[in-house]
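K.L.:
So that we are looking at the same thing, I have put the structure below in structure tokens.
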Amino acid sequence: MKKTRQVDMVQGPLLPKLILFSVPVVLSGVLQLLFNAADVIVVGRFTGKEALAAVGSTSSLINLLINLFLGISVGANVLVGQYIGAKDRENCQKTVHTGIMFAFFGGLFVGIFGFLAAGTLLTMMATPANVLPLSTTYMQIYFIGLPALLVYDFGAALLRAVGDTRRPLYFLVISGIINVVLNLYFVIVWEMGVAGVALATIISEGVSAVLILLCLSRQEGMIRLSRKYLHFSLDKGIRMVKLGVPAGVQGMLFSISNVLIQSSVNGFGATVMAGNTASLNIENFVYISMNGIYQTALSFTSQNMGAGQYKRIDKILLECLGIVSLIGIVLGVGAYVFGNSLLHIYSTDPQVIKIGLLRLSIICIPYFLCGIMDVLVGCLRGMGYSLMPMIVSLIGVCLFRVIWIFTIFQIHRELFVLYISYPISWIMTIVVDICCYRIVRKRISEKRVMENAAV
């Protein structure tokens, strides 16, 4: 493998390498968001607020259905990283091929389910009657392309495990340009509305999946993908599931709470839904930037765990916390300060912009807290402890928000009361995650002492 395409995570100074690794990850995440943002902007400007509400109302439900398999990609990343740190080529190869099999067949299964159940699930979310047909159409077309989406995400996770974060970015640049061009063509020229933007999205995702598979098949070293070795290894599958399912379940639990919040927002009507959608798209750019540091913490921790560099893991955590806090504060506050101009990109309706600014003021300014929470979780998962942060998130984020919706929000049915549940849940979860990290590090130190004594 060419040295310029990987980062040595277990030796040398950390901060420059963390930045070198994380910048392409952040840019890749931002580019992925542009897929959806392009959809939202095009329908909002050229089709109307009902179409804007239709596209936005599907995001939390789509995330709920795919997060389990995206979590398993985290398990593949951690497992491959640990095998690379331990220089275990055979087991690394088995994990790579099992991961790709998981991605394709998992995407096929969830895609079929999502296509068939779209209308029913959206109805259960109290989607308004004037938005429901458009939302159903968008969601059904989106799920046709789900295998390609998961193949790309798994492939990118495998490349990140060896420190290659640049080529996934290049592939997304290509597919992102295709997405934007097709969006404009299908909506403006062919007047296909939400069906056009959904079709553009799945075509572009197919391109990125093909590129990532070609990359892995030509890769030198431990993560090379070969068709003749493409089979499912049961023991590696079980380990990936053990590491990844808690991460996926945590993502699903987050999505469940977001679905409930989206359902509550839907009760305020199409205008509030549109404002919520526009704000959410802006927030996602802040979140995905912080999530790049989570991915960095995950990959660096897993390799150092495999290499037995336990003290280095503490440095990874502290430096990643500093980076993610800086990103969260700068981008979160900036999103609110420039919120009026940013929201005008999505809609010119004054009421839509007013609602969007309200959400930005409550969620974006303290958004760095969410980044801190995620970095703590990333380090815990990188050390092989995935169940613990899932339980913490279940209680501190999901269960808390559900209780909040059915108690406090029922008494005071206001958007401010609904949105304030986000920062409160972040603070609660951070405190418990810090305690979990201290417990895990103590266990690892004690285990190492026992191993040394045995030797």
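Lettering and numbering for the structure tokens are positional, with chains as A, B, ... in the shown order, residues counted from 1 in each chain, and ligands counted from 1 in the shown order.
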Counting only C-alpha atoms, give me one row per residue of stretch 172-285 of chain A with an atom at most 10 Å from an atom of stretch 113-125 of chain A, showing the shortest contact pair and its distance in Å to one decimal, sorted by chain then residue number, as a Markdown table.

P.N.:
| residue | atom | partner | partner_atom | distance |
| --- | --- | --- | --- | --- |
| A:Val259 | CA | A:Met125 | CA | 7.3 |
| A:Leu260 | CA | A:Met125 | CA | 7.6 |
| A:Ile261 | CA | A:Met125 | CA | 9.7 |
| A:Gln262 | CA | A:Met125 | CA | 7.7 |
| A:Ser263 | CA | A:Met125 | CA | 5.1 |
| A:Ser264 | CA | A:Met125 | CA | 8.7 |
| A:Asn266 | CA | A:Met125 | CA | 8.0 |
| A:Gly267 | CA | A:Met125 | CA | 9.6 |

K.L.:
Using only C-alpha atoms, what does the table of stretch 220-325 of chain A residues within 9 Å of stretch 383-404 of chain A look like, with each row giving the shortest atom pair and its distance in Å to one decimal, sorted by chain and ascending number, as a tab-separated table?

P.N.:
residue	atom	partner	partner_atom	distance
A:Lys242	CA	A:Ser386	CA	8.0
A:Leu243	CA	A:Ser386	CA	5.7
A:Gly244	CA	A:Ser386	CA	7.3
A:Val245	CA	A:Ser386	CA	8.3
A:Pro246	CA	A:Leu387	CA	5.3
A:Ala247	CA	A:Ser386	CA	6.4
A:Gly248	CA	A:Met390	CA	8.8
A:Val249	CA	A:Met390	CA	7.2
A:Gln250	CA	A:Met390	CA	5.1
A:Gly251	CA	A:Met390	CA	8.8
A:Leu253	CA	A:Cys398	CA	5.9
A:Phe254	CA	A:Cys398	CA	5.8
A:Ser255	CA	A:Cys398	CA	8.6
A:Ile256	CA	A:Cys398	CA	7.4
A:Ser257	CA	A:Cys398	CA	5.4
A:Asn258	CA	A:Cys398	CA	8.6
A:Leu260	CA	A:Val402	CA	7.4
A:Ile261	CA	A:Arg401	CA	8.5
A:Leu298	CA	A:Met383	CA	8.4
A:Thr301	CA	A:Met383	CA	6.3
A:Ser302	CA	A:Met383	CA	5.8
A:Asn304	CA	A:Met383	CA	8.7
A:Met305	CA	A:Met383	CA	5.9
A:Gly306	CA	A:Met383	CA	8.6
A:Ile313	CA	A:Met383	CA	8.7

K.L.:
Keeping only N, CA and C atoms, write the selected residues as a PDB file, in the first residue's frame.

P.N.:
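Output (result.pdb):
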ATOM      1  N   LYS A 242     -21.252  -8.291  17.074  1.00  0.00           N
ATOM      2  CA  LYS A 242     -21.083  -8.002  18.498  1.00  0.00           C
ATOM      3  C   LYS A 242     -20.585  -6.580  18.730  1.00  0.00           C
ATOM      4  N   LEU A 243     -19.652  -6.145  17.883  1.00  0.00           N
ATOM      5  CA  LEU A 243     -19.125  -4.786  18.003  1.00  0.00           C
ATOM      6  C   LEU A 243     -20.049  -3.753  17.377  1.00  0.00           C
ATOM      7  N   GLY A 244     -20.683  -4.125  16.245  1.00  0.00           N
ATOM      8  CA  GLY A 244     -21.408  -3.136  15.465  1.00  0.00           C
ATOM      9  C   GLY A 244     -22.874  -2.986  15.794  1.00  0.00           C
ATOM     10  N   VAL A 245     -23.535  -4.084  16.186  1.00  0.00           N
ATOM     11  CA  VAL A 245     -24.971  -3.993  16.454  1.00  0.00           C
ATOM     12  C   VAL A 245     -25.291  -2.995  17.568  1.00  0.00           C
ATOM     13  N   PRO A 246     -24.533  -2.989  18.702  1.00  0.00           N
ATOM     14  CA  PRO A 246     -24.832  -1.948  19.686  1.00  0.00           C
ATOM     15  C   PRO A 246     -24.729  -0.537  19.114  1.00  0.00           C
ATOM     16  N   ALA A 247     -23.733  -0.309  18.223  1.00  0.00           N
ATOM     17  CA  ALA A 247     -23.623   1.002  17.582  1.00  0.00           C
ATOM     18  C   ALA A 247     -24.830   1.255  16.684  1.00  0.00           C
ATOM     19  N   GLY A 248     -25.243   0.218  15.938  1.00  0.00           N
ATOM     20  CA  GLY A 248     -26.409   0.366  15.083  1.00  0.00           C
ATOM     21  C   GLY A 248     -27.688   0.563  15.871  1.00  0.00           C
ATOM     22  N   VAL A 249     -27.835  -0.205  16.951  1.00  0.00           N
ATOM     23  CA  VAL A 249     -29.014  -0.060  17.805  1.00  0.00           C
ATOM     24  C   VAL A 249     -29.045   1.337  18.424  1.00  0.00           C
ATOM     25  N   GLN A 250     -27.867   1.835  18.822  1.00  0.00           N
ATOM     26  CA  GLN A 250     -27.813   3.191  19.365  1.00  0.00           C
ATOM     27  C   GLN A 250     -28.284   4.206  18.326  1.00  0.00           C
ATOM     28  N   GLY A 251     -27.831   4.026  17.070  1.00  0.00           N
ATOM     29  CA  GLY A 251     -28.293   4.911  16.006  1.00  0.00           C
ATOM     30  C   GLY A 251     -29.792   4.794  15.792  1.00  0.00           C
ATOM     31  N   LEU A 253     -31.967   3.917  18.081  1.00  0.00           N
ATOM     32  CA  LEU A 253     -32.634   4.528  19.229  1.00  0.00           C
ATOM     33  C   LEU A 253     -32.664   6.044  19.102  1.00  0.00           C
ATOM     34  N   PHE A 254     -31.548   6.601  18.620  1.00  0.00           N
ATOM     35  CA  PHE A 254     -31.532   8.035  18.344  1.00  0.00           C
ATOM     36  C   PHE A 254     -32.619   8.373  17.321  1.00  0.00           C
ATOM     37  N   SER A 255     -32.717   7.523  16.295  1.00  0.00           N
ATOM     38  CA  SER A 255     -33.689   7.777  15.237  1.00  0.00           C
ATOM     39  C   SER A 255     -35.122   7.639  15.745  1.00  0.00           C
ATOM     40  N   ILE A 256     -35.351   6.679  16.670  1.00  0.00           N
ATOM     41  CA  ILE A 256     -36.687   6.532  17.234  1.00  0.00           C
ATOM     42  C   ILE A 256     -37.103   7.808  17.953  1.00  0.00           C
ATOM     43  N   SER A 257     -36.193   8.353  18.762  1.00  0.00           N
ATOM     44  CA  SER A 257     -36.514   9.602  19.453  1.00  0.00           C
ATOM     45  C   SER A 257     -36.722  10.728  18.454  1.00  0.00           C
ATOM     46  N   ASN A 258     -35.924  10.723  17.356  1.00  0.00           N
ATOM     47  CA  ASN A 258     -36.094  11.758  16.337  1.00  0.00           C
ATOM     48  C   ASN A 258     -37.390  11.577  15.558  1.00  0.00           C
ATOM     49  N   LEU A 260     -40.129  10.373  16.866  1.00  0.00           N
ATOM     50  CA  LEU A 260     -41.168  10.894  17.761  1.00  0.00           C
ATOM     51  C   LEU A 260     -41.199  12.419  17.738  1.00  0.00           C
ATOM     52  N   ILE A 261     -40.004  13.024  17.709  1.00  0.00           N
ATOM     53  CA  ILE A 261     -39.945  14.479  17.639  1.00  0.00           C
ATOM     54  C   ILE A 261     -40.485  14.960  16.298  1.00  0.00           C
ATOM     55  N   LEU A 298     -12.442   6.722  16.655  1.00  0.00           N
ATOM     56  CA  LEU A 298     -12.741   5.298  16.521  1.00  0.00           C
ATOM     57  C   LEU A 298     -11.589   4.552  15.852  1.00  0.00           C
ATOM     58  N   THR A 301      -8.196   4.745  17.935  1.00  0.00           N
ATOM     59  CA  THR A 301      -8.285   3.942  19.155  1.00  0.00           C
ATOM     60  C   THR A 301      -8.215   2.453  18.851  1.00  0.00           C
ATOM     61  N   SER A 302      -8.902   2.011  17.797  1.00  0.00           N
ATOM     62  CA  SER A 302      -8.929   0.577  17.489  1.00  0.00           C
ATOM     63  C   SER A 302      -7.548   0.067  17.096  1.00  0.00           C
ATOM     64  N   ASN A 304      -4.590   1.368  17.965  1.00  0.00           N
ATOM     65  CA  ASN A 304      -3.718   1.404  19.140  1.00  0.00           C
ATOM     66  C   ASN A 304      -4.115   0.342  20.156  1.00  0.00           C
ATOM     67  N   MET A 305      -5.395   0.001  20.184  1.00  0.00           N
ATOM     68  CA  MET A 305      -5.839  -1.100  21.041  1.00  0.00           C
ATOM     69  C   MET A 305      -5.239  -2.412  20.554  1.00  0.00           C
ATOM     70  N   GLY A 306      -5.276  -2.640  19.240  1.00  0.00           N
ATOM     71  CA  GLY A 306      -4.697  -3.858  18.678  1.00  0.00           C
ATOM     72  C   GLY A 306      -3.200  -3.935  18.881  1.00  0.00           C
ATOM     73  N   ILE A 313      -4.091   5.892  23.871  1.00  0.00           N
ATOM     74  CA  ILE A 313      -5.539   6.057  23.709  1.00  0.00           C
ATOM     75  C   ILE A 313      -6.035   7.260  24.507  1.00  0.00           C
TER      76      ILE A 313
END

K.L.:
Leaving out A:Leu357 and any residue of its chain fewer than 6 positions from it, which residues lie within 10 Å of it when counting only C-alpha atoms, given as number ranges by chain?

P.N.:
A: 275-276, 278-279, 335-340, 342-343, 351, 364

K.L.:
Using the chain letters and numbers from this document, which residues of stretch 180-288 of chain A does DSSP assign to helix (DSSP H, G or I), as a ChimeraX atom specification?

P.N.:
/A:180-189,194-217,227-229,234-266,270-288

K.L.:
Please provide as a ChimeraX atom specification all residues within 10 Å of stretch 316-332 of chain A, with the sequence filter that same-chain residues fewer than 2 positions apart are discarded (counting only C-alpha atoms).

P.N.:
/A:9,14-15,18-19,22,282-283,285-287,289-294,296-298,300-301,304,311-314,334-337,360-361,363-376,378-380,437

K.L.:
Out of A:Val151, A:Ala86, A:Leu65, A:Leu216, which residue has the shortest atom-to-atom distance to A:Phe105 when counting only C-alpha atoms?

P.N.:
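Closest to A:Phe105 of all the choices is A:Val151.
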
K.L.:
Excluding A:Gly145 and any residue of its chain fewer than 6 positions from it, enumerate the residues within 9 Å of it, using only C-alpha atoms, and give them as a list of chain:residue names.

P.N.:
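These residues fall inside the cut-off: A:Gly107, A:Leu108, A:Gly111, A:Leu199, A:Thr201, A:Ile202, A:Ile203, A:Glu205, A:Gly206.
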
K.L.:
Given the selection you just returned, output its residues as a file containing N, CA, C and O atoms, formatted as a PDB file, in the first residue's frame.

P.N.:
ATOM      1  N   GLY A 107     -28.382  -4.363   2.732  1.00  0.00           N
ATOM      2  CA  GLY A 107     -29.025  -3.288   1.996  1.00  0.00           C
ATOM      3  C   GLY A 107     -30.206  -3.779   1.173  1.00  0.00           C
ATOM      4  O   GLY A 107     -31.239  -3.111   1.062  1.00  0.00           O
ATOM      5  N   LEU A 108     -30.064  -4.973   0.591  1.00  0.00           N
ATOM      6  CA  LEU A 108     -31.141  -5.560  -0.205  1.00  0.00           C
ATOM      7  C   LEU A 108     -32.365  -5.853   0.669  1.00  0.00           C
ATOM      8  O   LEU A 108     -33.502  -5.526   0.311  1.00  0.00           O
ATOM      9  N   GLY A 111     -33.839  -2.535   1.991  1.00  0.00           N
ATOM     10  CA  GLY A 111     -34.401  -1.794   0.876  1.00  0.00           C
ATOM     11  C   GLY A 111     -35.777  -2.315   0.483  1.00  0.00           C
ATOM     12  O   GLY A 111     -36.697  -1.531   0.236  1.00  0.00           O
ATOM     13  N   LEU A 199     -34.414   9.875  -7.583  1.00  0.00           N
ATOM     14  CA  LEU A 199     -33.749   9.110  -8.632  1.00  0.00           C
ATOM     15  C   LEU A 199     -32.308   9.578  -8.823  1.00  0.00           C
ATOM     16  O   LEU A 199     -31.390   8.762  -8.983  1.00  0.00           O
ATOM     17  N   THR A 201     -30.427  10.848  -6.566  1.00  0.00           N
ATOM     18  CA  THR A 201     -29.670  10.400  -5.400  1.00  0.00           C
ATOM     19  C   THR A 201     -29.226   8.949  -5.552  1.00  0.00           C
ATOM     20  O   THR A 201     -28.060   8.622  -5.312  1.00  0.00           O
ATOM     21  N   ILE A 202     -30.126   8.059  -5.966  1.00  0.00           N
ATOM     22  CA  ILE A 202     -29.742   6.646  -6.020  1.00  0.00           C
ATOM     23  C   ILE A 202     -28.773   6.372  -7.179  1.00  0.00           C
ATOM     24  O   ILE A 202     -27.933   5.481  -7.080  1.00  0.00           O
ATOM     25  N   ILE A 203     -28.863   7.140  -8.253  1.00  0.00           N
ATOM     26  CA  ILE A 203     -27.896   6.975  -9.347  1.00  0.00           C
ATOM     27  C   ILE A 203     -26.506   7.370  -8.880  1.00  0.00           C
ATOM     28  O   ILE A 203     -25.520   6.660  -9.118  1.00  0.00           O
ATOM     29  N   GLU A 205     -25.392   7.444  -5.810  1.00  0.00           N
ATOM     30  CA  GLU A 205     -24.916   6.466  -4.827  1.00  0.00           C
ATOM     31  C   GLU A 205     -24.411   5.197  -5.505  1.00  0.00           C
ATOM     32  O   GLU A 205     -23.443   4.582  -5.039  1.00  0.00           O
ATOM     33  N   GLY A 206     -25.044   4.806  -6.598  1.00  0.00           N
ATOM     34  CA  GLY A 206     -24.564   3.653  -7.353  1.00  0.00           C
ATOM     35  C   GLY A 206     -23.173   3.879  -7.915  1.00  0.00           C
ATOM     36  O   GLY A 206     -22.319   2.975  -7.888  1.00  0.00           O
TER      37      GLY A 206
END

K.L.:
Just how far from atom CA of A:Gln219 is atom CA of A:Val25, in Å to one decimal?

P.N.:
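Between these atoms lies a distance of 19.2 Å.
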
K.L.:
Would you mind listing what lies within 10 Å of A:Asp235 as a list in words, with only C-alpha atoms counted and same-chain residues fewer than 2 positions away left out?

P.N.:
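After dropping sequence-adjacent residues, the list is Asn91, Lys94, Thr95, Thr98, Phe232, Ser233, Gly237, Ile238, Arg239, Met240 and Val241 of chain A.
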
K.L.:
Near A:Phe46, within 12 Å and counting only C-alpha atoms, which residues show up once chain neighbours fewer than 6 positions away are dropped, as number ranges by chain?

P.N.:
A: 38-40, 52, 183-189, 191-194, 196-197, 345-348

K.L.:
Nearest to A:Ile72 among A:Ala157, A:Val26, A:Ile288, A:Met222, with distances taken over only C-alpha atoms: which residue is it?

P.N.:
A:Ala157

K.L.:
From the set A:Phe21, A:Phe109, A:Tyr138, A:Phe104, which residue has the shortest atom-to-atom contact distance to A:Ala209, counting only C-alpha atoms?

P.N.:
A:Phe104
